[in-house]
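K.L.:
Got entry-v2.txt for you, compact mmCIF, C-alpha atoms and all ligand atoms:
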# COMPACT_ATOMS: atom_id res chain seq x y z
CA MET A 1 -13.54 -5.04 -20.73
CA ASP A 2 -13.67 -8.73 -21.60
CA PHE A 3 -14.77 -10.31 -18.35
CA LEU A 4 -15.64 -13.65 -19.96
CA ALA A 5 -12.06 -13.98 -21.20
CA ARG A 6 -10.88 -13.51 -17.62
CA ARG A 7 -13.24 -16.19 -16.35
CA ASP A 8 -12.11 -18.50 -19.14
CA ARG A 9 -8.48 -18.00 -18.11
CA LEU A 10 -9.46 -18.88 -14.55
CA ARG A 11 -11.33 -21.95 -15.82
CA LYS A 12 -8.10 -23.22 -17.40
CA VAL A 13 -6.31 -22.80 -14.06
CA LEU A 14 -9.06 -24.76 -12.29
CA LYS A 15 -8.96 -27.51 -14.87
CA LYS A 16 -5.23 -27.90 -14.44
CA ALA A 17 -5.69 -28.18 -10.68
CA GLU A 18 -8.48 -30.75 -11.20
CA LEU A 19 -11.07 -28.62 -9.46
CA ASP A 20 -14.73 -28.61 -10.47
CA ALA A 21 -15.36 -25.01 -9.46
CA LEU A 22 -14.09 -22.00 -7.53
CA LEU A 23 -16.35 -20.07 -5.22
CA VAL A 24 -15.14 -16.46 -5.47
CA THR A 25 -15.98 -14.73 -2.19
CA ASP A 26 -13.47 -11.86 -2.36
CA PHE A 27 -15.52 -8.91 -3.65
CA THR A 28 -12.60 -7.35 -5.51
CA ASN A 29 -12.06 -10.65 -7.31
CA VAL A 30 -15.78 -10.77 -8.15
CA THR A 31 -15.43 -7.26 -9.63
CA TYR A 32 -12.37 -8.32 -11.65
CA LEU A 33 -14.21 -11.32 -13.10
CA THR A 34 -17.60 -9.70 -13.77
CA GLY A 35 -17.45 -5.88 -13.62
CA PHE A 36 -19.98 -5.88 -10.77
CA THR A 37 -19.13 -3.12 -8.28
CA GLY A 38 -21.52 -3.98 -5.45
CA ASP A 39 -20.87 -6.38 -2.62
CA ASP A 40 -22.60 -9.25 -0.77
CA SER A 41 -22.44 -11.32 -3.95
CA TYR A 42 -20.41 -14.42 -4.72
CA LEU A 43 -19.38 -15.85 -8.07
CA LEU A 44 -19.25 -19.55 -8.77
CA VAL A 45 -16.91 -20.31 -11.66
CA ARG A 46 -17.62 -23.80 -12.98
CA LYS A 47 -16.36 -25.93 -15.84
CA ASP A 48 -19.50 -25.27 -17.84
CA GLY A 49 -20.32 -21.68 -16.92
CA ASP A 50 -20.56 -19.07 -14.25
CA LEU A 51 -23.21 -18.21 -11.72
CA ILE A 52 -23.63 -15.12 -9.57
CA LEU A 53 -25.32 -15.62 -6.21
CA SER A 54 -26.85 -12.47 -4.84
CA ASP A 55 -30.01 -10.95 -3.38
CA PRO A 56 -32.83 -8.82 -4.84
CA ARG A 57 -31.19 -5.48 -3.96
CA TYR A 58 -28.71 -6.02 -6.79
CA THR A 59 -30.87 -7.40 -9.60
CA VAL A 60 -30.94 -4.09 -11.52
CA GLN A 61 -27.25 -3.37 -10.95
CA PHE A 62 -26.28 -6.79 -12.31
CA GLY A 63 -28.37 -6.17 -15.40
CA GLU A 64 -26.53 -2.90 -15.98
CA GLU A 65 -22.99 -3.93 -15.06
CA CYS A 66 -22.84 -7.54 -16.23
CA PRO A 67 -25.50 -8.28 -18.81
CA GLY A 68 -25.57 -11.90 -19.89
CA LEU A 69 -24.19 -13.35 -16.67
CA ASP A 70 -26.33 -16.09 -15.06
CA LEU A 71 -27.87 -14.84 -11.85
CA SER A 72 -29.23 -16.74 -8.91
CA ILE A 73 -31.10 -14.12 -6.90
CA ARG A 74 -32.30 -15.70 -3.71
CA PRO A 75 -35.80 -14.82 -2.55
CA PRO A 76 -36.23 -13.12 0.81
CA GLY A 77 -35.92 -15.65 3.62
CA VAL A 78 -33.39 -17.81 1.76
CA SER A 79 -29.84 -17.42 3.02
CA MET A 80 -26.67 -17.21 0.92
CA LEU A 81 -25.73 -20.56 2.43
CA GLN A 82 -28.95 -22.25 1.28
CA GLY A 83 -28.57 -20.74 -2.19
CA LEU A 84 -25.00 -21.98 -2.44
CA VAL A 85 -25.78 -25.50 -1.31
CA ARG A 86 -28.49 -25.72 -3.98
CA ALA A 87 -26.07 -24.48 -6.64
CA PHE A 88 -23.42 -27.01 -5.63
CA ARG A 89 -25.94 -29.83 -5.90
CA SER A 90 -27.47 -28.85 -9.21
CA GLY A 91 -24.00 -28.20 -10.67
CA ARG A 92 -22.78 -31.67 -9.62
CA ILE A 93 -19.74 -30.20 -7.95
CA ALA A 94 -17.54 -32.66 -6.06
CA ARG A 95 -14.29 -30.73 -5.61
CA LEU A 96 -14.91 -27.07 -4.76
CA ALA A 97 -12.06 -24.59 -4.39
CA ILE A 98 -12.62 -21.80 -1.88
CA GLU A 99 -10.65 -18.59 -1.38
CA ALA A 100 -8.84 -19.16 1.89
CA ASP A 101 -7.88 -15.50 2.28
CA SER A 102 -11.48 -14.39 2.10
CA MET A 103 -13.90 -17.03 3.40
CA THR A 104 -14.31 -17.22 7.15
CA VAL A 105 -13.72 -20.50 8.94
CA GLY A 106 -17.27 -20.25 10.28
CA PHE A 107 -18.78 -20.08 6.80
CA ARG A 108 -16.63 -22.93 5.55
CA ASP A 109 -17.84 -25.09 8.45
CA GLN A 110 -21.46 -24.24 7.66
CA ILE A 111 -20.99 -25.31 4.03
CA ALA A 112 -19.25 -28.52 5.13
CA ASP A 113 -22.11 -29.20 7.53
CA ARG A 114 -24.79 -28.84 4.86
CA SER A 115 -22.86 -30.57 2.07
CA PRO A 116 -21.00 -33.45 3.71
CA LYS A 117 -20.06 -35.05 0.39
CA LEU A 118 -18.55 -31.88 -1.04
CA GLU A 119 -14.76 -31.70 -0.89
CA LEU A 120 -13.74 -28.15 0.09
CA ILE A 121 -10.27 -27.20 -1.05
CA PRO A 122 -8.73 -24.01 0.36
CA THR A 123 -6.80 -22.14 -2.31
CA GLY A 124 -4.98 -18.84 -2.45
CA GLY A 125 -4.17 -16.40 -5.20
CA PHE A 126 -5.88 -18.00 -8.22
CA VAL A 127 -7.60 -14.75 -9.18
CA GLU A 128 -4.94 -12.48 -7.68
CA ARG A 129 -2.33 -14.07 -9.95
CA LEU A 130 -4.43 -13.21 -12.99
CA ARG A 131 -4.84 -9.65 -11.65
CA LEU A 132 -1.05 -9.22 -11.51
CA ILE A 133 -0.87 -8.68 -15.28
CA LYS A 134 -3.02 -5.80 -16.50
CA ASP A 135 -4.55 -5.92 -19.98
CA LYS A 136 -4.82 -2.86 -22.19
CA ASP A 137 -8.28 -1.90 -20.89
CA GLU A 138 -7.04 -1.96 -17.32
CA ILE A 139 -3.98 0.11 -18.20
CA ALA A 140 -6.22 2.63 -19.97
CA ARG A 141 -8.34 2.95 -16.84
CA ILE A 142 -5.28 3.38 -14.61
CA ARG A 143 -4.14 6.12 -16.99
CA THR A 144 -7.53 7.80 -16.54
CA ALA A 145 -7.27 7.60 -12.75
CA ILE A 146 -3.79 9.14 -12.99
CA TRP A 147 -5.01 11.91 -15.30
CA GLN A 148 -7.78 12.82 -12.85
CA ALA A 149 -5.37 12.86 -9.92
CA GLU A 150 -2.73 14.91 -11.72
CA LYS A 151 -5.17 17.48 -13.10
CA ALA A 152 -6.56 17.95 -9.59
CA PHE A 153 -3.08 18.33 -8.13
CA GLY A 154 -2.28 20.98 -10.71
CA VAL A 155 -5.28 22.99 -9.56
CA LEU A 156 -4.34 22.55 -5.90
CA ARG A 157 -0.78 23.70 -6.60
CA SER A 158 -1.93 26.88 -8.26
CA THR A 159 -4.43 27.71 -5.51
CA LEU A 160 -2.42 26.64 -2.45
CA ARG A 161 -2.35 29.44 0.17
CA PRO A 162 -0.36 29.65 3.44
CA GLU A 163 -3.54 30.03 5.50
CA MET A 164 -5.11 26.79 4.21
CA THR A 165 -5.09 23.90 6.64
CA GLU A 166 -3.96 20.41 5.68
CA LYS A 167 -7.61 19.38 5.73
CA ASP A 168 -8.65 22.30 3.48
CA ALA A 169 -6.02 21.23 0.97
CA ALA A 170 -7.02 17.55 1.09
CA ASP A 171 -10.71 18.46 0.64
CA GLU A 172 -9.89 20.74 -2.29
CA LEU A 173 -7.79 18.05 -3.96
CA GLU A 174 -10.55 15.45 -3.64
CA HIS A 175 -13.20 17.92 -4.83
CA GLN A 176 -11.04 18.70 -7.85
CA PHE A 177 -10.44 15.15 -8.96
CA ARG A 178 -14.17 14.46 -8.70
CA LEU A 179 -14.71 17.45 -11.01
CA PHE A 180 -12.30 15.77 -13.43
CA GLY A 181 -14.50 12.65 -13.39
CA ALA A 182 -13.15 10.54 -10.54
CA LYS A 183 -15.76 8.52 -8.68
CA ASN A 184 -13.90 8.44 -5.39
CA ALA A 185 -10.65 9.06 -3.64
CA ALA A 186 -8.46 5.97 -4.03
CA PHE A 187 -7.70 6.36 -0.30
CA ALA A 188 -7.88 9.12 2.30
CA SER A 189 -5.53 11.78 0.89
CA ILE A 190 -2.51 12.69 2.97
CA VAL A 191 -1.51 16.36 3.26
CA ALA A 192 1.21 16.71 5.88
CA VAL A 193 3.01 19.95 6.71
CA GLY A 194 6.63 19.87 7.94
CA PRO A 195 7.12 17.49 10.90
CA ARG A 196 3.79 15.78 10.16
CA ALA A 197 5.39 14.46 6.97
CA ALA A 198 7.58 12.22 9.12
CA LEU A 199 4.50 10.03 9.63
CA PRO A 200 4.05 7.93 6.49
CA HIS A 201 0.26 7.86 7.08
CA ALA A 202 -0.47 11.29 8.55
CA THR A 203 -4.12 12.36 8.71
CA PRO A 204 -4.73 15.92 7.42
CA GLY A 205 -5.45 18.20 10.36
CA ALA A 206 -5.51 21.84 11.44
CA ASN A 207 -1.86 22.64 10.64
CA ARG A 208 -1.54 25.42 8.11
CA ILE A 209 0.35 25.16 4.83
CA GLY A 210 2.36 28.24 5.86
CA ASP A 211 3.45 26.70 9.19
CA ASP A 212 6.57 25.17 7.63
CA ASP A 213 8.69 25.14 4.49
CA PHE A 214 7.20 22.10 2.80
CA VAL A 215 4.15 19.91 2.57
CA LEU A 216 3.90 16.25 1.56
CA VAL A 217 0.86 15.23 -0.47
CA ASP A 218 0.04 11.55 -1.08
CA TRP A 219 -3.14 11.15 -3.10
CA GLY A 220 -4.90 9.11 -5.74
CA ALA A 221 -8.15 8.96 -7.65
CA ASN A 222 -10.50 6.06 -8.33
CA GLU A 223 -12.05 6.38 -11.78
CA GLY A 224 -14.84 3.92 -11.02
CA LEU A 225 -12.84 0.72 -10.85
CA TYR A 226 -9.12 1.44 -11.04
CA ASN A 227 -6.86 3.62 -8.89
CA SER A 228 -3.88 5.94 -9.05
CA ASP A 229 -1.42 6.67 -6.23
CA LEU A 230 1.15 9.50 -6.21
CA THR A 231 3.23 11.44 -3.72
CA ARG A 232 4.86 14.83 -4.16
CA VAL A 233 6.50 17.22 -1.75
CA LEU A 234 5.73 20.88 -2.47
CA ILE A 235 8.09 23.52 -1.21
CA THR A 236 6.20 26.48 0.18
CA GLY A 237 8.99 28.27 2.03
CA ARG A 238 12.76 28.31 2.31
CA ILE A 239 14.85 25.52 0.79
CA SER A 240 17.15 24.68 3.71
CA PRO A 241 20.36 22.77 2.95
CA LYS A 242 18.86 19.80 4.84
CA LEU A 243 15.70 19.82 2.72
CA GLU A 244 17.72 20.16 -0.48
CA ARG A 245 20.00 17.29 0.50
CA ILE A 246 17.22 14.89 1.56
CA TYR A 247 15.06 15.78 -1.44
CA GLY A 248 17.99 15.11 -3.75
CA VAL A 249 18.76 11.73 -2.20
CA VAL A 250 15.14 10.54 -2.41
CA LEU A 251 14.75 11.75 -5.99
CA GLU A 252 17.96 10.06 -7.13
CA ALA A 253 17.05 6.84 -5.28
CA GLN A 254 13.68 6.87 -7.01
CA ARG A 255 15.20 7.56 -10.43
CA ARG A 256 17.62 4.66 -10.05
CA ALA A 257 14.90 2.28 -8.87
CA ILE A 258 12.62 3.23 -11.77
CA ALA A 259 15.50 2.60 -14.17
CA ALA A 260 15.77 -0.93 -12.71
CA VAL A 261 12.12 -1.75 -13.48
CA ARG A 262 12.08 -4.17 -16.40
CA PRO A 263 10.75 -7.64 -17.23
CA GLY A 264 12.78 -10.33 -15.51
CA ALA A 265 13.92 -8.10 -12.66
CA LEU A 266 13.39 -9.44 -9.15
CA ALA A 267 11.15 -7.07 -7.16
CA ALA A 268 13.49 -7.31 -4.15
CA ASP A 269 16.39 -6.15 -6.35
CA VAL A 270 14.47 -3.07 -7.49
CA ASP A 271 13.76 -2.28 -3.84
CA ASP A 272 17.43 -2.73 -3.07
CA VAL A 273 18.55 -0.23 -5.72
CA ALA A 274 16.75 2.56 -3.84
CA ARG A 275 17.51 1.18 -0.39
CA ALA A 276 21.24 0.84 -1.03
CA TYR A 277 21.46 4.37 -2.45
CA ILE A 278 19.65 5.86 0.55
CA ALA A 279 21.81 3.83 2.94
CA LYS A 280 24.99 5.00 1.24
CA ALA A 281 23.83 8.59 1.71
CA GLY A 282 23.57 7.87 5.44
CA PHE A 283 19.80 7.60 5.79
CA GLY A 284 19.40 3.80 5.68
CA HIS A 285 17.48 3.56 8.95
CA ARG A 286 15.21 6.44 7.86
CA PHE A 287 13.61 4.48 4.99
CA ARG A 288 11.47 2.01 6.81
CA HIS A 289 8.82 0.81 4.36
CA GLY A 290 8.81 -1.17 1.14
CA LEU A 291 9.70 0.61 -2.10
CA GLY A 292 6.31 0.06 -3.68
CA HIS A 293 3.27 -2.06 -4.37
CA GLY A 294 1.04 -3.22 -7.17
CA LEU A 295 -1.78 -0.92 -8.23
CA GLY A 296 -5.09 -1.80 -9.85
CA LEU A 297 -8.59 -2.47 -8.56
CA GLN A 298 -7.03 -2.03 -5.14
CA VAL A 299 -4.56 0.66 -4.18
CA HIS A 300 -2.35 -1.93 -2.55
CA GLU A 301 -2.24 -5.24 -4.32
CA ALA A 302 0.31 -7.76 -5.50
CA PRO A 303 3.17 -7.60 -6.26
CA ARG A 304 4.97 -6.08 -3.32
CA VAL A 305 8.20 -4.32 -4.25
CA ALA A 306 10.05 -4.75 -1.00
CA VAL A 307 12.91 -6.46 0.76
CA LYS A 308 12.69 -10.23 0.07
CA SER A 309 9.88 -9.87 -2.48
CA GLN A 310 10.46 -12.83 -4.80
CA THR A 311 8.18 -11.65 -7.61
CA ILE A 312 9.79 -11.51 -11.04
CA LEU A 313 8.49 -8.42 -12.83
CA GLN A 314 6.57 -9.12 -16.03
CA PRO A 315 5.11 -6.95 -18.78
CA GLY A 316 1.69 -5.66 -17.75
CA MET A 317 2.44 -5.27 -14.05
CA VAL A 318 1.83 -1.80 -12.63
CA VAL A 319 3.77 -0.89 -9.50
CA THR A 320 4.46 2.22 -7.48
CA VAL A 321 8.01 3.36 -6.79
CA GLU A 322 8.01 5.44 -3.60
CA PRO A 323 11.20 5.73 -1.57
CA GLY A 324 11.17 8.07 1.41
CA ILE A 325 13.34 9.50 4.15
CA TYR A 326 11.66 10.44 7.44
CA LEU A 327 13.26 12.38 10.28
CA PRO A 328 11.12 12.56 13.44
CA GLY A 329 10.53 16.16 14.47
CA TRP A 330 11.67 17.54 11.11
CA GLY A 331 9.52 15.91 8.48
CA GLY A 332 9.84 13.57 5.56
CA VAL A 333 10.27 13.41 1.82
CA ARG A 334 8.64 10.70 -0.28
CA ILE A 335 8.28 10.75 -4.06
CA GLU A 336 5.88 8.27 -5.63
CA ASP A 337 5.18 7.43 -9.25
CA ASP A 338 3.18 4.68 -10.95
CA VAL A 339 5.22 2.54 -13.33
CA LEU A 340 4.11 0.04 -15.98
CA VAL A 341 6.42 -2.86 -16.79
CA THR A 342 6.61 -3.07 -20.59
CA ARG A 343 8.07 -5.68 -22.91
CA THR A 344 11.28 -3.72 -23.24
CA GLY A 345 11.55 -1.99 -19.85
CA HIS A 346 9.07 0.34 -18.26
CA GLU A 347 6.86 3.35 -18.78
CA VAL A 348 6.34 5.92 -16.05
CA LEU A 349 2.60 6.56 -16.19
CA THR A 350 2.61 9.58 -13.86
CA HIS A 351 3.92 12.93 -15.04
CA SER A 352 3.59 15.48 -12.23
CA PRO A 353 6.84 17.47 -12.12
CA LYS A 354 9.27 16.39 -9.41
CA GLU A 355 12.59 18.17 -9.96
CA LEU A 356 13.40 20.34 -6.94
CA ALA A 357 12.97 23.58 -8.90
CA GLU A 358 9.62 22.37 -10.20
CA VAL A 359 8.04 21.66 -6.81
CA VAL A 360 8.56 25.16 -5.44
CA VAL A 361 5.19 26.92 -5.15
CA GLY A 362 4.13 30.43 -4.24
ZN ZN B 1 0.70 6.87 -2.08
ZN ZN B 2 1.61 3.90 -2.66
Translate this file's structure into structure tokens.

P.N.:
Amino acid sequence: MDFLARRDRLRKVLKKAELDALLVTDFTNVTYLTGFTGDDSYLLVRKDGDLILSDPRYTVQFGEECPGLDLSIRPPGVSMLQGLVRAFRSGRIARLAIEADSMTVGFRDQIADRSPKLELIPTGGFVERLRLIKDKDEIARIRTAIWQAEKAFGVLRSTLRPEMTEKDAADELEHQFRLFGAKNAAFASIVAVGPRAALPHATPGANRIGDDDFVLVDWGANEGLYNSDLTRVLITGRISPKLERIYGVVLEAQRRAIAAVRPGALAADVDDVARAYIAKAGFGHRFRHGLGHGLGLQVHEAPRVAVKSQTILQPGMVVTVEPGIYLPGWGGVRIEDDVLVTRTGHEVLTHSPKELAEVVVG
């Protein structure tokens, strides 16, 4: 991945805003700009070059993950604050942008105290706006994270047994995607049997797969940097008319929303396609979360695809599309795919089967 090109793009943004430098304190943003996967390290992006400020624990890791990047490793006994103040002075920085969503007020005050002449300018979203549009390397990595998640799900499907608990199934899924090369779970996997599926963030517990007619699985893999995020409902028992009806409404709402994903579309309008369809079917008040979210270094990142989301979709954005209907006491159906906005429309990156007949197991 071309991290220098990303930093150069950021440099142009800073120049336009007449800022001498940006202190990147958000660790995900540091990863995006350098490839470094550790924490406790800040990146100073200046007009004339970049500097990482870190401590001796990470010297080797920086050498491996970001060769060529200038490092300022502070000796034991020197604080991050002292190291920063030195760097500001030697870099002749007068106007310093800080990340207002990440830096604490306490730390800002300490910097201001030590560097009274430095003008600190709170900013938001400089790096996040670059992260909105994925380049081809990032898309390739998201595809890998999806491949790992989907292969693992295929194994789980074929080995799912009624006596397994939700937790057994979640553990098996996560074990499997690690076998397929994933570094981590993108988030704690959700496996929710029957009524538990009415909770959008159910924790897998002692309920058994055979306790009800269906199970909702929401899972994703992290391939090292990038994430995937999918949801499927598997039918393990009888297809009641209620289940068939709700499943059909959610699937059709999702299909319509995916069809609306294209460059120039307003994210709120894509959300509304699914929301209006579900409302017309009589379940409007049973779909109580946004339609989707951006996906990348973080599982939930910009843009939001939700009511009032003013983002205009652009080629290179990757978003989830995940409508759901939840009935307390009965359960819930959510179907989630990862979708890339392309120049001409969209590409659905996830391929796990989702037609009703295809999600019946056992
Ligand atoms: Zn999900
Ligand atoms: Zn999601």

K.L.:
Report as number ranges by chain all protein, DNA and RNA residues lying within 8 Å of region 114-128 of chain A, evaluated on only C-alpha atoms, omitting residues in the same chain fewer than 2 positions from it.

P.N.:
A: 10, 13, 29, 85, 93-101, 110-112, 130-132, 302

K.L.:
The selected residues should be written to file as a compact mmCIF listing (two decimals), keeping the file's coordinate frame (atoms: C-alpha atoms).

P.N.:
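Output contents, as saved in selection-v8.txt:
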# COMPACT_ATOMS: atom_id res chain seq x y z
CA LEU A 10 -9.46 -18.88 -14.55
CA VAL A 13 -6.31 -22.80 -14.06
CA ASN A 29 -12.06 -10.65 -7.31
CA VAL A 85 -25.78 -25.50 -1.31
CA ILE A 93 -19.74 -30.20 -7.95
CA ALA A 94 -17.54 -32.66 -6.06
CA ARG A 95 -14.29 -30.73 -5.61
CA LEU A 96 -14.91 -27.07 -4.76
CA ALA A 97 -12.06 -24.59 -4.39
CA ILE A 98 -12.62 -21.80 -1.88
CA GLU A 99 -10.65 -18.59 -1.38
CA ALA A 100 -8.84 -19.16 1.89
CA ASP A 101 -7.88 -15.50 2.28
CA GLN A 110 -21.46 -24.24 7.66
CA ILE A 111 -20.99 -25.31 4.03
CA ALA A 112 -19.25 -28.52 5.13
CA LEU A 130 -4.43 -13.21 -12.99
CA ARG A 131 -4.84 -9.65 -11.65
CA LEU A 132 -1.05 -9.22 -11.51
CA ALA A 302 0.31 -7.76 -5.50

K.L.:
Counting all atoms listed in the file, figure out which residue out of A:Ala87, A:Ala253, A:Leu23, A:Val299 gets nearest to ligand ZN 1 (chain B).

P.N.:
A:Val299

K.L.:
Enter the distance from CA of Phe187 (chain A) to CA of Tyr226 (chain A), in Å, rounded to one decimal.

P.N.:
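Atom-to-atom, CA of Phe187 (chain A) to CA of Tyr226 (chain A), that is 11.9 Å.
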
K.L.:
Identify, on the basis of all atoms listed in the file, every residue whose closest approach to region 32-42 of chain A does not exceed 8 Å; exclude the query and any residue fewer than 2 positions from it along the same chain; express the result as an NGL selection string.

P.N.:
:A and (3-4 or 6-7 or 23-30 or 44 or 52-55 or 58 or 61-62 or 65-66 or 131 or 225 or 297)

K.L.:
With a cut-off of 10 Å, could you pull out the residues of chain A touching ligand ZN 1 (chain B) and give me the nearest pair of atoms for each, distance in Å to one decimal, using all atoms listed in the file, ordered by chain and ascending number, as a tab-separated table?

P.N.:
residue	atom	partner	partner_atom	distance
A:Ala186	CA	B:ZN1	ZN	9.4
A:Phe187	CA	B:ZN1	ZN	8.6
A:Ala188	CA	B:ZN1	ZN	9.9
A:Ser189	CA	B:ZN1	ZN	8.5
A:Ile190	CA	B:ZN1	ZN	8.3
A:Pro200	CA	B:ZN1	ZN	9.3
A:His201	CA	B:ZN1	ZN	9.2
A:Val217	CA	B:ZN1	ZN	8.5
A:Asp218	CA	B:ZN1	ZN	4.8
A:Trp219	CA	B:ZN1	ZN	5.8
A:Gly220	CA	B:ZN1	ZN	7.1
A:Ser228	CA	B:ZN1	ZN	8.4
A:Asp229	CA	B:ZN1	ZN	4.7
A:Leu230	CA	B:ZN1	ZN	4.9
A:Thr231	CA	B:ZN1	ZN	5.5
A:Arg232	CA	B:ZN1	ZN	9.2
A:Gly292	CA	B:ZN1	ZN	9.0
A:His293	CA	B:ZN1	ZN	9.6
A:Val299	CA	B:ZN1	ZN	8.4
A:His300	CA	B:ZN1	ZN	9.3
A:Thr320	CA	B:ZN1	ZN	8.1
A:Val321	CA	B:ZN1	ZN	9.4
A:Glu322	CA	B:ZN1	ZN	7.6
A:Arg334	CA	B:ZN1	ZN	9.0
A:Ile335	CA	B:ZN1	ZN	8.7
A:Glu336	CA	B:ZN1	ZN	6.4
A:Asp337	CA	B:ZN1	ZN	8.5
A:Asp338	CA	B:ZN1	ZN	9.5

K.L.:
Compare A:Pro353, A:Gly294, A:Gly316, A:Pro328 by their minimum atom-to-atom distance to ligand ZN 2 (chain B), counting all atoms listed in the file, and give me the closest one.

P.N.:
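That would be A:Gly294, the residue with the smallest distance to ligand ZN 2 (chain B).
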
K.L.:
I'd like to know which of A:His351, A:Arg92, A:Lys242, A:Arg304 is closest to ligand ZN 2 (chain B), using only C-alpha atoms and all ligand atoms.

P.N.:
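Of A:His351, A:Arg92, A:Lys242, A:Arg304, the one nearest ligand ZN 2 (chain B), counting only C-alpha atoms and all ligand atoms, is A:Arg304.
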
K.L.:
Quick one: pull the distance between CA of Arg74 (chain A) and CA of Leu43 (chain A), Å, one decimal.

P.N.:
13.6 Å

K.L.:
Tell me which of A:His346, A:Phe214, A:Gly264, A:Pro75 sits closest to Gln314 (chain A), counting all atoms listed in the file.

P.N.:
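Smallest separation from Gln314 (chain A) among the options: A:Gly264.
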
K.L.:
How far is it from CA of Ala274 (chain A) to CA of Ala152 (chain A), in Å with one decimal?

P.N.:
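Answer for the CA of Ala274 (chain A) to CA of Ala152 (chain A) separation: 28.5 Å.
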
K.L.:
Counting only C-alpha atoms, what is within 10 Å of Val307 (chain A), bar same-chain residues fewer than 3 positions away, as a list in words?

P.N.:
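Listed by chain and then number, they are Ala267, Ala268, Asp269, Val270, Asp271, Asp272, Arg275, His289, Gly290, Leu291, Arg304 and Gln310 of chain A.
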
K.L.:
I need every residue sitting at most 12 Å from the point (7.7, 15.9, -1.5) (coordinates as in the file, only C-alpha atoms considered), written as an MDAnalysis selection string.

P.N.:
chainID A and resid 190:194 197:198 200 213:219 230:236 243:244 246:251 322:326 331:337 352:361

K.L.:
Selected residues, C-alpha atoms, written as an mmCIF file, in the coordinates of the input, please.

P.N.:
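Result file is part-v4.cif:
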data_model
loop_
_atom_site.group_PDB
_atom_site.id
_atom_site.type_symbol
_atom_site.label_atom_id
_atom_site.label_comp_id
_atom_site.auth_asym_id
_atom_site.auth_seq_id
_atom_site.Cartn_x
_atom_site.Cartn_y
_atom_site.Cartn_z
ATOM 1 C CA ILE A 190 -2.510 12.690 2.970
ATOM 2 C CA VAL A 191 -1.510 16.360 3.260
ATOM 3 C CA ALA A 192 1.210 16.710 5.880
ATOM 4 C CA VAL A 193 3.010 19.950 6.710
ATOM 5 C CA GLY A 194 6.630 19.870 7.940
ATOM 6 C CA ALA A 197 5.390 14.460 6.970
ATOM 7 C CA ALA A 198 7.580 12.220 9.120
ATOM 8 C CA PRO A 200 4.050 7.930 6.490
ATOM 9 C CA ASP A 213 8.690 25.140 4.490
ATOM 10 C CA PHE A 214 7.200 22.100 2.800
ATOM 11 C CA VAL A 215 4.150 19.910 2.570
ATOM 12 C CA LEU A 216 3.900 16.250 1.560
ATOM 13 C CA VAL A 217 0.860 15.230 -0.470
ATOM 14 C CA ASP A 218 0.040 11.550 -1.080
ATOM 15 C CA TRP A 219 -3.140 11.150 -3.100
ATOM 16 C CA LEU A 230 1.150 9.500 -6.210
ATOM 17 C CA THR A 231 3.230 11.440 -3.720
ATOM 18 C CA ARG A 232 4.860 14.830 -4.160
ATOM 19 C CA VAL A 233 6.500 17.220 -1.750
ATOM 20 C CA LEU A 234 5.730 20.880 -2.470
ATOM 21 C CA ILE A 235 8.090 23.520 -1.210
ATOM 22 C CA THR A 236 6.200 26.480 0.180
ATOM 23 C CA LEU A 243 15.700 19.820 2.720
ATOM 24 C CA GLU A 244 17.720 20.160 -0.480
ATOM 25 C CA ILE A 246 17.220 14.890 1.560
ATOM 26 C CA TYR A 247 15.060 15.780 -1.440
ATOM 27 C CA GLY A 248 17.990 15.110 -3.750
ATOM 28 C CA VAL A 249 18.760 11.730 -2.200
ATOM 29 C CA VAL A 250 15.140 10.540 -2.410
ATOM 30 C CA LEU A 251 14.750 11.750 -5.990
ATOM 31 C CA GLU A 322 8.010 5.440 -3.600
ATOM 32 C CA PRO A 323 11.200 5.730 -1.570
ATOM 33 C CA GLY A 324 11.170 8.070 1.410
ATOM 34 C CA ILE A 325 13.340 9.500 4.150
ATOM 35 C CA TYR A 326 11.660 10.440 7.440
ATOM 36 C CA GLY A 331 9.520 15.910 8.480
ATOM 37 C CA GLY A 332 9.840 13.570 5.560
ATOM 38 C CA VAL A 333 10.270 13.410 1.820
ATOM 39 C CA ARG A 334 8.640 10.700 -0.280
ATOM 40 C CA ILE A 335 8.280 10.750 -4.060
ATOM 41 C CA GLU A 336 5.880 8.270 -5.630
ATOM 42 C CA ASP A 337 5.180 7.430 -9.250
ATOM 43 C CA SER A 352 3.590 15.480 -12.230
ATOM 44 C CA PRO A 353 6.840 17.470 -12.120
ATOM 45 C CA LYS A 354 9.270 16.390 -9.410
ATOM 46 C CA GLU A 355 12.590 18.170 -9.960
ATOM 47 C CA LEU A 356 13.400 20.340 -6.940
ATOM 48 C CA ALA A 357 12.970 23.580 -8.900
ATOM 49 C CA GLU A 358 9.620 22.370 -10.200
ATOM 50 C CA VAL A 359 8.040 21.660 -6.810
ATOM 51 C CA VAL A 360 8.560 25.160 -5.440
ATOM 52 C CA VAL A 361 5.190 26.920 -5.150
#

K.L.:
When you count all atoms listed in the file, which of these residues is closest to Glu223 (chain A): A:Leu160, A:Ala257, A:Leu340, A:Ile146?

P.N.:
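Checking each of A:Leu160, A:Ala257, A:Leu340, A:Ile146 against Glu223 (chain A), counting all atoms listed in the file, the winner is A:Ile146.
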
K.L.:
Nearest residue to Gly181 (chain A) out of A:Ala149, A:Leu22, A:Ala169, A:Leu199, using only C-alpha atoms?

P.N.:
A:Ala149

K.L.:
Quick one: residues within 7 Å of Lys167 (chain A), all atoms listed in the file counted, chain neighbours fewer than 3 positions away excluded, as a short mmCIF file (atom, residue, chain, number, x, y, z; two decimals) with C-alpha atoms, keeping the file's coordinate frame?

P.N.:
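And here is the file that came out, around-v9.cif:
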data_model
loop_
_atom_site.label_atom_id
_atom_site.label_comp_id
_atom_site.auth_asym_id
_atom_site.auth_seq_id
_atom_site.Cartn_x
_atom_site.Cartn_y
_atom_site.Cartn_z
CA ALA A 170 -7.02 17.55 1.09
CA ASP A 171 -10.71 18.46 0.64
CA PRO A 204 -4.73 15.92 7.42
CA GLY A 205 -5.45 18.20 10.36
CA ALA A 206 -5.51 21.84 11.44
#
